[in-house]
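Raw query.tsv, TSV, C-alpha atoms:
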chain	number	residue	atom	x	y	z
A	1	MET	CA	-173.95	12.31	82.67
A	2	ILE	CA	-170.89	10.42	83.79
A	3	MET	CA	-170.79	7.73	81.11
A	4	LYS	CA	-169.98	8.94	77.62
A	5	GLU	CA	-171.49	5.88	75.98
A	6	ILE	CA	-174.49	3.67	76.72
A	7	SER	CA	-172.23	0.66	76.14
A	8	LEU	CA	-170.19	1.82	79.16
A	9	HIS	CA	-173.34	1.82	81.31
A	10	LEU	CA	-173.94	-1.75	80.18
A	11	LEU	CA	-170.39	-2.74	81.07
A	12	ASP	CA	-170.92	-1.16	84.48
A	13	ILE	CA	-174.31	-2.79	85.08
A	14	VAL	CA	-172.83	-6.21	84.17
A	15	GLN	CA	-170.28	-5.76	86.97
A	16	ASN	CA	-173.23	-5.92	89.38
A	17	SER	CA	-174.30	-9.23	87.79
A	18	LEU	CA	-170.78	-10.56	88.26
A	19	SER	CA	-170.75	-9.46	91.91
A	20	ALA	CA	-174.08	-11.25	92.33
A	21	GLY	CA	-172.37	-14.47	91.28
A	22	ALA	CA	-174.13	-14.84	87.92
A	23	ASN	CA	-172.70	-17.39	85.50
A	24	LEU	CA	-175.00	-16.50	82.62
A	25	ILE	CA	-175.48	-12.89	81.63
A	26	GLU	CA	-177.53	-11.74	78.67
A	27	VAL	CA	-177.04	-8.26	77.32
A	28	SER	CA	-179.57	-6.92	74.86
A	29	VAL	CA	-179.61	-3.92	72.57
A	30	GLU	CA	-182.70	-3.22	70.55
A	31	ILE	CA	-183.01	-0.38	68.07
A	32	ASN	CA	-186.54	0.32	66.95
A	33	THR	CA	-186.48	3.07	64.36
A	34	ASP	CA	-190.28	3.24	63.88
A	35	ALA	CA	-190.89	3.70	67.58
A	36	ASP	CA	-187.83	5.97	67.85
A	37	LEU	CA	-186.55	3.86	70.73
A	38	LEU	CA	-183.27	2.35	71.84
A	39	THR	CA	-183.75	-0.26	74.55
A	40	VAL	CA	-180.86	-1.87	76.38
A	41	GLY	CA	-180.86	-4.40	79.16
A	42	VAL	CA	-179.00	-6.94	81.22
A	43	ALA	CA	-180.54	-10.18	82.50
A	44	ASP	CA	-178.58	-12.44	84.81
A	45	ASN	CA	-178.98	-15.58	86.88
A	46	GLY	CA	-177.19	-14.11	89.89
A	47	SER	CA	-178.39	-14.08	93.46
A	48	GLY	CA	-181.09	-11.48	92.82
A	49	MET	CA	-182.36	-8.85	95.23
A	50	ASP	CA	-185.33	-8.57	97.55
A	51	GLU	CA	-187.92	-5.87	97.10
A	52	GLN	CA	-186.34	-3.55	99.60
A	53	THR	CA	-182.91	-3.74	97.96
A	54	CYS	CA	-184.48	-3.13	94.54
A	55	LEU	CA	-185.93	0.10	95.87
A	56	ARG	CA	-182.63	1.15	97.38
A	57	VAL	CA	-180.30	0.56	94.42
A	58	THR	CA	-181.46	3.65	92.57
A	59	ASN	CA	-180.39	5.73	95.54
A	60	PRO	CA	-176.81	6.96	95.06
A	61	PHE	CA	-176.16	6.60	98.77
A	62	TYR	CA	-176.70	2.88	98.68
A	63	THR	CA	-173.96	0.46	97.69
A	64	SER	CA	-173.06	-3.12	98.52
A	65	ARG	CA	-169.35	-2.41	98.31
A	66	ASP	CA	-167.13	-1.38	101.17
A	67	THR	CA	-164.41	0.61	99.40
A	68	ARG	CA	-166.62	3.71	99.33
A	69	LYS	CA	-170.01	4.88	100.47
A	70	VAL	CA	-171.75	5.73	97.22
A	71	GLY	CA	-173.01	3.64	94.33
A	72	LEU	CA	-173.59	5.71	91.23
A	73	GLY	CA	-173.87	3.04	88.55
A	74	ILE	CA	-177.61	2.39	88.62
A	75	PRO	CA	-178.74	5.92	89.63
A	76	PHE	CA	-176.90	7.45	86.66
A	77	PHE	CA	-178.11	4.75	84.29
A	78	LYS	CA	-181.70	5.48	85.36
A	79	GLU	CA	-181.37	9.24	85.23
A	80	GLY	CA	-179.64	9.17	81.86
A	81	ALA	CA	-182.50	7.24	80.28
A	82	GLU	CA	-185.26	9.25	81.93
A	83	GLY	CA	-183.61	12.44	80.79
A	84	CYS	CA	-183.84	11.19	77.21
A	85	GLY	CA	-187.55	10.49	77.10
A	86	GLY	CA	-187.04	6.88	78.10
A	87	ASP	CA	-187.76	4.58	81.00
A	88	PHE	CA	-185.84	2.55	83.52
A	89	PHE	CA	-186.89	-0.92	84.58
A	90	LEU	CA	-185.70	-3.34	87.20
A	91	SER	CA	-187.12	-6.65	88.30
A	92	SER	CA	-185.45	-9.07	90.63
A	93	ALA	CA	-186.13	-11.63	93.31
A	94	PRO	CA	-183.80	-13.55	95.59
A	95	GLY	CA	-182.69	-16.72	93.82
A	96	GLU	CA	-184.20	-15.65	90.53
A	97	GLY	CA	-181.63	-13.32	89.09
A	98	THR	CA	-182.07	-9.75	87.98
A	99	LYS	CA	-183.37	-7.99	84.89
A	100	ILE	CA	-182.45	-4.38	84.50
A	101	GLY	CA	-182.70	-2.07	81.56
A	102	ALA	CA	-183.45	1.31	80.14
A	103	SER	CA	-184.85	2.87	77.03
A	104	TYR	CA	-183.97	6.11	75.28
A	105	ARG	CA	-185.63	8.16	72.58
A	106	LEU	CA	-183.31	7.40	69.66
A	107	SER	CA	-183.58	10.95	68.37
A	108	HIS	CA	-183.27	12.67	71.75
A	109	ILE	CA	-180.64	15.39	71.61
A	110	ASP	CA	-179.13	14.40	74.96
A	111	ARG	CA	-178.93	10.69	74.24
A	112	PRO	CA	-175.34	9.45	74.51
A	113	PRO	CA	-174.15	7.32	71.62
A	114	LEU	CA	-174.40	3.57	72.11
A	115	GLY	CA	-170.65	3.48	71.59
A	116	ASP	CA	-168.37	0.50	71.27
A	117	MET	CA	-170.59	-2.45	72.14
A	118	ALA	CA	-168.03	-4.89	70.71
A	119	GLN	CA	-165.39	-3.64	73.13
A	120	THR	CA	-167.79	-3.94	76.07
A	121	MET	CA	-168.55	-7.57	75.21
A	122	LEU	CA	-164.94	-8.45	74.37
A	123	THR	CA	-163.51	-7.20	77.65
A	124	LEU	CA	-166.27	-9.01	79.56
A	125	CYS	CA	-165.74	-12.37	77.82
A	126	VAL	CA	-161.97	-12.31	78.02
A	127	CYS	CA	-161.83	-11.27	81.69
A	128	ASN	CA	-164.58	-13.59	82.90
A	129	GLU	CA	-163.84	-16.84	81.19
A	130	ASP	CA	-166.08	-18.95	83.42
A	131	VAL	CA	-169.18	-16.81	82.86
A	132	GLY	CA	-171.47	-17.31	79.87
A	133	PHE	CA	-172.28	-14.11	77.97
A	134	VAL	CA	-174.99	-13.59	75.42
A	135	LEU	CA	-175.47	-10.47	73.32
A	136	ARG	CA	-178.70	-10.01	71.43
A	137	TYR	CA	-178.27	-7.05	69.15
A	138	ALA	CA	-181.25	-6.10	67.04
A	139	ARG	CA	-182.32	-3.28	64.75
A	140	ASP	CA	-185.90	-3.49	63.51
A	141	ASP	CA	-186.11	-6.94	61.89
A	142	LYS	CA	-182.36	-7.61	61.80
A	143	GLU	CA	-180.63	-9.47	64.59
A	144	PHE	CA	-177.17	-10.61	65.65
A	145	MET	CA	-176.74	-13.20	68.38
A	146	PHE	CA	-173.48	-13.72	70.18
A	147	ASP	CA	-173.24	-16.54	72.69
A	148	THR	CA	-170.01	-17.54	74.39
A	149	ARG	CA	-171.46	-21.00	75.15
A	150	GLU	CA	-171.63	-21.70	71.39
A	151	ILE	CA	-168.16	-20.31	70.91
A	152	ARG	CA	-166.82	-22.43	73.76
A	153	LEU	CA	-168.40	-25.48	72.16
A	154	ALA	CA	-166.83	-24.76	68.76
A	155	LEU	CA	-163.47	-23.93	70.27
A	156	GLY	CA	-163.36	-26.92	72.60
A	157	ASP	CA	-161.98	-26.94	76.11
A	158	GLY	CA	-158.49	-25.92	77.10
A	159	ILE	CA	-158.17	-22.83	74.93
A	160	PRO	CA	-158.91	-19.67	76.88
A	161	PHE	CA	-160.63	-16.72	75.20
A	162	ARG	CA	-157.61	-14.60	76.01
A	163	THR	CA	-155.48	-16.63	73.61
A	164	PRO	CA	-154.29	-13.97	71.12
A	165	GLU	CA	-155.80	-15.71	68.06
A	166	VAL	CA	-159.13	-16.23	69.80
A	167	MET	CA	-159.24	-12.67	71.07
A	168	GLU	CA	-158.68	-11.36	67.54
A	169	TRP	CA	-161.43	-13.61	66.25
A	170	LEU	CA	-163.89	-12.53	68.96
A	171	LYS	CA	-163.18	-8.89	68.24
A	172	GLY	CA	-163.78	-9.31	64.52
A	173	TYR	CA	-166.85	-11.49	65.00
A	174	LEU	CA	-168.49	-9.00	67.35
A	175	SER	CA	-167.77	-5.87	65.33
A	176	GLU	CA	-168.80	-7.47	62.04
A	177	GLY	CA	-172.03	-8.80	63.55
A	178	ILE	CA	-172.93	-5.45	65.05
A	179	GLU	CA	-172.03	-3.45	61.94
A	180	GLU	CA	-174.07	-5.79	59.79
A	181	VAL	CA	-177.16	-5.13	61.90
A	182	ASN	CA	-176.50	-1.38	62.04
A	183	GLY	CA	-176.34	-1.32	58.24
A	184	GLY	CA	-174.47	1.97	58.24
A	185	MET	CA	-176.72	3.62	60.83
A	186	ASP	CA	-174.89	5.70	63.40
A	187	VAL	CA	-176.20	4.56	66.77
B	1	MET	CA	-167.37	-12.47	57.46
B	2	LYS	CA	-166.05	-14.38	60.47
B	3	SER	CA	-167.73	-17.69	61.19
B	4	LEU	CA	-167.77	-20.18	64.04
B	5	GLN	CA	-166.10	-22.69	61.71
B	6	GLU	CA	-162.89	-20.70	61.83
B	7	LEU	CA	-162.59	-21.59	65.49
B	8	GLU	CA	-161.77	-25.17	64.55
B	9	ALA	CA	-158.68	-23.99	62.67
B	10	ILE	CA	-157.69	-21.71	65.56
B	11	ARG	CA	-158.14	-24.66	67.89
B	12	GLN	CA	-155.81	-26.89	65.86
B	13	LYS	CA	-153.20	-24.18	65.61
B	14	THR	CA	-153.32	-23.15	69.26
B	15	LEU	CA	-153.44	-26.51	70.97
B	16	GLU	CA	-149.88	-27.22	69.85
B	17	THR	CA	-148.50	-24.19	71.63
B	18	ILE	CA	-150.87	-23.73	74.52
B	19	ASN	CA	-149.28	-26.27	76.82
B	20	LEU	CA	-146.02	-24.40	76.70
B	21	ARG	CA	-147.57	-21.37	78.34
B	22	LYS	CA	-147.08	-21.14	82.05
B	23	GLU	CA	-149.77	-18.72	83.03
B	24	HIS	CA	-149.45	-19.31	86.75
B	25	ASN	CA	-145.93	-17.97	86.84
B	26	GLY	CA	-146.72	-15.04	84.63
B	27	THR	CA	-147.43	-11.36	84.96
B	28	ARG	CA	-150.91	-10.12	85.83
B	29	ILE	CA	-152.18	-6.77	84.62
B	30	VAL	CA	-155.30	-5.82	86.57
B	31	VAL	CA	-157.56	-2.94	85.57
B	32	GLY	CA	-160.11	-1.44	87.98
B	33	MET	CA	-163.53	-1.72	86.34
B	34	ALA	CA	-166.00	-0.39	88.87
B	35	THR	CA	-168.27	2.56	87.97
B	36	CYS	CA	-165.47	5.02	88.81
B	37	GLY	CA	-162.95	3.22	86.57
B	38	ILE	CA	-165.33	2.73	83.66
B	39	ALA	CA	-166.48	6.36	83.75
B	40	ALA	CA	-162.86	7.53	83.78
B	41	GLY	CA	-162.00	5.48	80.69
B	42	ALA	CA	-160.90	2.05	81.92
B	43	ARG	CA	-162.48	0.07	79.09
B	44	PRO	CA	-160.27	1.37	76.25
B	45	VAL	CA	-157.27	0.95	78.55
B	46	LEU	CA	-158.16	-2.66	79.27
B	47	ALA	CA	-158.76	-3.25	75.55
B	48	ALA	CA	-155.40	-1.64	74.69
B	49	PHE	CA	-153.60	-3.98	77.12
B	50	MET	CA	-155.42	-6.95	75.61
B	51	ASP	CA	-154.43	-5.80	72.12
B	52	GLU	CA	-150.78	-5.37	73.08
B	53	VAL	CA	-150.63	-8.78	74.72
B	54	ALA	CA	-152.19	-10.37	71.64
B	55	LYS	CA	-149.95	-8.46	69.23
B	56	ARG	CA	-146.81	-9.45	71.08
B	57	GLY	CA	-148.03	-13.01	71.62
B	58	LEU	CA	-147.32	-12.87	75.35
B	59	GLY	CA	-148.94	-16.12	76.42
B	60	ASP	CA	-147.84	-15.82	80.04
B	61	VAL	CA	-149.36	-12.39	80.64
B	62	VAL	CA	-152.90	-12.29	81.99
B	63	VAL	CA	-155.04	-9.17	81.66
B	64	ALA	CA	-157.79	-9.12	84.26
B	65	GLN	CA	-160.34	-6.78	85.79
B	66	THR	CA	-161.20	-5.97	89.35
B	67	GLY	CA	-163.66	-3.78	91.21
B	68	CYS	CA	-163.10	-0.44	92.87
B	69	ILE	CA	-159.58	-0.12	94.22
B	70	GLY	CA	-160.61	2.70	96.54
B	71	VAL	CA	-158.91	5.78	95.09
B	72	CYS	CA	-161.60	6.73	92.59
B	73	ARG	CA	-160.10	10.15	91.82
B	74	LEU	CA	-157.03	8.48	90.32
B	75	GLU	CA	-158.90	6.13	87.97
B	76	PRO	CA	-158.27	4.49	85.57
B	77	ILE	CA	-155.98	2.47	87.82
B	78	VAL	CA	-153.87	-0.43	86.60
B	79	GLU	CA	-151.99	-2.78	88.91
B	80	VAL	CA	-149.12	-4.88	87.63
B	81	TYR	CA	-148.16	-8.03	89.51
B	82	LYS	CA	-144.91	-9.70	88.59
B	83	PRO	CA	-143.93	-12.92	90.29
B	84	GLY	CA	-141.68	-12.28	93.28
B	85	LEU	CA	-141.89	-8.49	92.94
B	86	GLU	CA	-143.93	-5.86	94.69
B	87	LYS	CA	-147.14	-4.70	93.05
B	88	VAL	CA	-146.87	-1.56	90.91
B	89	THR	CA	-149.88	0.77	90.70
B	90	TYR	CA	-150.31	3.05	87.69
B	91	VAL	CA	-152.88	5.83	87.92
B	92	LYS	CA	-154.86	8.01	85.50
B	93	VAL	CA	-153.88	5.60	82.78
B	94	THR	CA	-154.87	6.34	79.18
B	95	SER	CA	-154.60	4.12	76.10
B	96	ASP	CA	-151.64	6.24	74.97
B	97	MET	CA	-149.67	5.16	78.04
B	98	VAL	CA	-150.26	1.47	77.49
B	99	GLY	CA	-147.57	0.92	74.82
B	100	ARG	CA	-144.87	2.35	77.06
B	101	ILE	CA	-145.94	0.35	80.11
B	102	MET	CA	-145.89	-2.78	77.95
B	103	THR	CA	-142.46	-2.19	76.45
B	104	GLU	CA	-140.68	-0.88	79.51
B	105	HIS	CA	-142.33	-2.66	82.41
B	106	ILE	CA	-144.06	-5.81	81.20
B	107	VAL	CA	-141.37	-6.82	78.72
B	108	ASN	CA	-138.21	-5.19	80.07
B	109	ASN	CA	-138.92	-5.04	83.79
B	110	ARG	CA	-138.35	-1.30	84.11
B	111	VAL	CA	-141.18	0.35	86.01
B	112	VAL	CA	-142.45	3.57	84.35
B	113	ASP	CA	-142.03	5.66	87.50
B	114	GLU	CA	-143.70	8.81	86.25
B	115	TYR	CA	-147.01	6.98	85.71
B	116	THR	CA	-147.13	5.42	89.18
B	117	ILE	CA	-149.29	6.40	92.11
B	118	GLY	CA	-146.15	7.48	93.99
B	119	ALA	CA	-145.28	10.04	91.32
B	120	ALA	CA	-148.88	11.29	91.09
B	121	GLU	CA	-149.13	11.83	94.84
B	122	ALA	CA	-145.67	13.44	95.08
B	123	LYS	CA	-146.59	15.95	92.38
B	124	LYS	CA	-149.63	17.01	94.35
B	125	GLN	CA	-147.66	18.02	97.41
Would you write out, as structure tokens, the structure that this file holds?
Amino acid sequence: MIMKEISLHLLDIVQNSLSAGANLIEVSVEINTDADLLTVGVADNGSGMDEQTCLRVTNPFYTSRDTRKVGLGIPFFKEGAEGCGGDFFLSSAPGEGTKIGASYRLSHIDRPPLGDMAQTMLTLCVCNEDVGFVLRYARDDKEFMFDTREIRLALGDGIPFRTPEVMEWLKGYLSEGIEEVNGGMDV
Amino acid sequence: MKSLQELEAIRQKTLETINLRKEHNGTRIVVGMATCGIAAGARPVLAAFMDEVAKRGLGDVVVAQTGCIGVCRLEPIVEVYKPGLEKVTYVKVTSDMVGRIMTEHIVNNRVVDEYTIGAAEAKKQ
């Protein structure tokens, strides 16, 4: 397993959405303790992929990039989940964006920790100012919604997210929201 | 608990100073965030740079991300662009190295030679 945290996989998968020109990216994390499942996903409005490309992306020897010949992001994401009693899903169509995700048995011994989801979202928002990010973070019946479009509205135009005060606020807002939903549970 | 209302206060406070910041003439710190970079630990490095910039209130320094730089074995890779100067590439960067790069290079214009790609490749030979 190359990624130590599931939140790093999500950060990596979102890079694909960015390369596909998405300007709205929704990340979801759903903890279902009764079903013993952790489900994570990324949905974007990027260029999407045709059927053939969808089949190829789970092959490590396929990549759209030209700096090297392998693309390990999706293959490892898929394998990691399947090795933890979970599933991998991908649906996409040209012009319709992409939905990709994976589930893990919460209690599976090999399941990596979810890790620092707040840091994943913070780095994404601050480095990609012109992209809208949504995080839906849920545990059983509790939910935290983070939406940079709302934040942009409240903050007004002309103040970038990377402004020190805003960055501090975003960091606190994300970690508090996530911790509140976790309610002390170690994910 | 942080609320969206607080953003209004931040807005008031920041708008007064924001126009003074000349981001286009400033330094850019670029972290490679492809699969190779992320797996090697680029996220905490990027976050550490963001923290340092915020802590020091460096309004003219931009922290950004890029894709695969092409030398995956040396990730996490950080490139520093200063106006009018040649790009400096730091390799195998950890969060612990960030403070020193900030103080010496970003603030005081002294490149931390031992962390650069040149030093890493020289050591190998």
ask   = Once you count only C-alpha atoms, which residues of chain A turn out to be within 9 Å of chain B? Could you give them as a count of residues only?
value = 44
ask   = Which of these, A:Glu129, A:Asp116, A:Asp44, A:Asp140, has the shortest distance to Asn32 (chain A) once you count all atoms listed in the file?
value = A:Asp140
Report as JSON the centre and the edge lengths, in Å to one decimal, of the axis-aligned box holding every listed atom of region 107-117 of chain A, padded by 6 Å on each side.
{"center_x": -176.0, "center_y": 6.5, "center_z": 71.7, "size_x": 27.2, "size_y": 29.8, "size_z": 18.6}
message = List the spatial neighbours of Phe144 (chain A) as a ChimeraX atom specification - criterion: any atom at most 8 Å away, only C-alpha atoms, same-chain residues fewer than 3 positions off excluded.
response = /A:135-138,177-178,181
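If you count all atoms listed in the file and draw a sphere of 10 Å around (-189.5, -15.8, 95.5), the protein and nucleic acid residues inside it come out as Gly48, Met49, Asp50, Ser92, Ala93, Pro94, Gly95 and Glu96 of chain A.
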task = Return the single residue from A:Leu18, A:Met145, A:Met185, A:Ala81 that is closest to Asp130 (chain A), with distances computed using only C-alpha atoms.
result = A:Leu18
Shortest interatomic distance to Gly99 (chain B) - which of B:Phe49, B:Tyr81, B:Pro76, B:Lys123, counting all atoms listed in the file =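 Answer, going by the shortest atom-to-atom distance: B:Phe49.
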key: Nearest-residue call for Val88 (chain B), choices B:Val107, B:Ile29, B:Val45, B:Met102, using all atoms listed in the file   = B:Ile29
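Using all atoms listed in the file, the nearest neighbour of Gly83 (chain A) within the list A:Lys99, A:Thr33, A:Val57, A:Arg111 is A:Arg111.
Atom pair CA of Ser28 (chain A) / CA of Ala118 (chain A) has a distance of 12.4 Å (rounded to one decimal).
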ask   = How many Å lie between CA of Ile31 (chain A) and CA of Leu55 (chain A), rounded to one decimal?
value =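 Here the two named atoms are 28.0 Å from each other.
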inquiry  = My list of candidates is B:Arg73, B:Lys87, B:Lys124, B:Lys92. Which is closest to Val111 (chain B) when distances are computed with only C-alpha atoms?
reply    = B:Lys87
request  = Mind checking which residues fall within 8 Å of Val93 (chain B), counting all atoms listed in the file, ignoring those fewer than 2 positions away in the same chain, and posting them as a PyMOL selection string?
outcome  = chain B and resi 42+45+75-78+90-91+95+97-98+115
Length of the CA of Leu106 (chain A) to CA of Leu38 (chain A) vector [Å] = 5.5 Å
key: Nearby residues (all atoms listed in the file) at most 9 Å from Val112 (chain B), same-chain spacing under 2 positions excluded, as a list in words   = Tyr90, Arg100, Ile101, Glu104, His105, Arg110, Glu114, Tyr115 and Thr116 of chain B
request  = Please provide as number ranges by chain all residues within 9 Å of Val131 (chain A), with the sequence filter that same-chain residues fewer than 5 positions apart are discarded (counting only C-alpha atoms).
outcome  = A: 18, 22-25, 124-125, 148
Add whatever atoms are absent from region 122-136 of chain A to reach N, CA and C atoms, and provide the output as a CSV table (one decimal), in the coordinates of the input.
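Result file follows (selection04.csv):
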chain,number,residue,atom,x,y,z
A,122,LEU,N,-166.3,-7.8,74.4
A,122,LEU,CA,-164.9,-8.4,74.4
A,122,LEU,C,-164.2,-8.4,75.7
A,123,THR,N,-164.2,-7.3,76.4
A,123,THR,CA,-163.5,-7.2,77.6
A,123,THR,C,-164.2,-8.1,78.7
A,124,LEU,N,-165.5,-8.2,78.6
A,124,LEU,CA,-166.3,-9.0,79.6
A,124,LEU,C,-165.9,-10.5,79.4
A,125,CYS,N,-166.0,-10.9,78.1
A,125,CYS,CA,-165.7,-12.4,77.8
A,125,CYS,C,-164.3,-12.8,78.2
A,126,VAL,N,-163.4,-11.9,77.8
A,126,VAL,CA,-162.0,-12.3,78.0
A,126,VAL,C,-161.6,-12.3,79.5
A,127,CYS,N,-162.2,-11.4,80.3
A,127,CYS,CA,-161.8,-11.3,81.7
A,127,CYS,C,-162.7,-12.2,82.6
A,128,ASN,N,-163.7,-12.8,82.1
A,128,ASN,CA,-164.6,-13.6,82.9
A,128,ASN,C,-164.9,-14.9,82.2
A,129,GLU,N,-163.8,-15.6,82.0
A,129,GLU,CA,-163.8,-16.8,81.2
A,129,GLU,C,-164.9,-17.8,81.6
A,130,ASP,N,-165.2,-17.9,82.9
A,130,ASP,CA,-166.1,-19.0,83.4
A,130,ASP,C,-167.5,-18.5,83.5
A,131,VAL,N,-167.8,-17.3,82.9
A,131,VAL,CA,-169.2,-16.8,82.9
A,131,VAL,C,-169.7,-16.9,81.4
A,132,GLY,N,-170.9,-17.3,81.2
A,132,GLY,CA,-171.5,-17.3,79.9
A,132,GLY,C,-172.1,-15.9,79.6
A,133,PHE,N,-171.7,-15.4,78.4
A,133,PHE,CA,-172.3,-14.1,78.0
A,133,PHE,C,-173.1,-14.3,76.7
A,134,VAL,N,-174.2,-13.6,76.6
A,134,VAL,CA,-175.0,-13.6,75.4
A,134,VAL,C,-175.2,-12.1,75.1
A,135,LEU,N,-175.1,-11.8,73.8
A,135,LEU,CA,-175.5,-10.5,73.3
A,135,LEU,C,-176.5,-10.7,72.3
A,136,ARG,N,-177.7,-10.0,72.5
A,136,ARG,CA,-178.7,-10.0,71.4
A,136,ARG,C,-178.8,-8.6,70.9
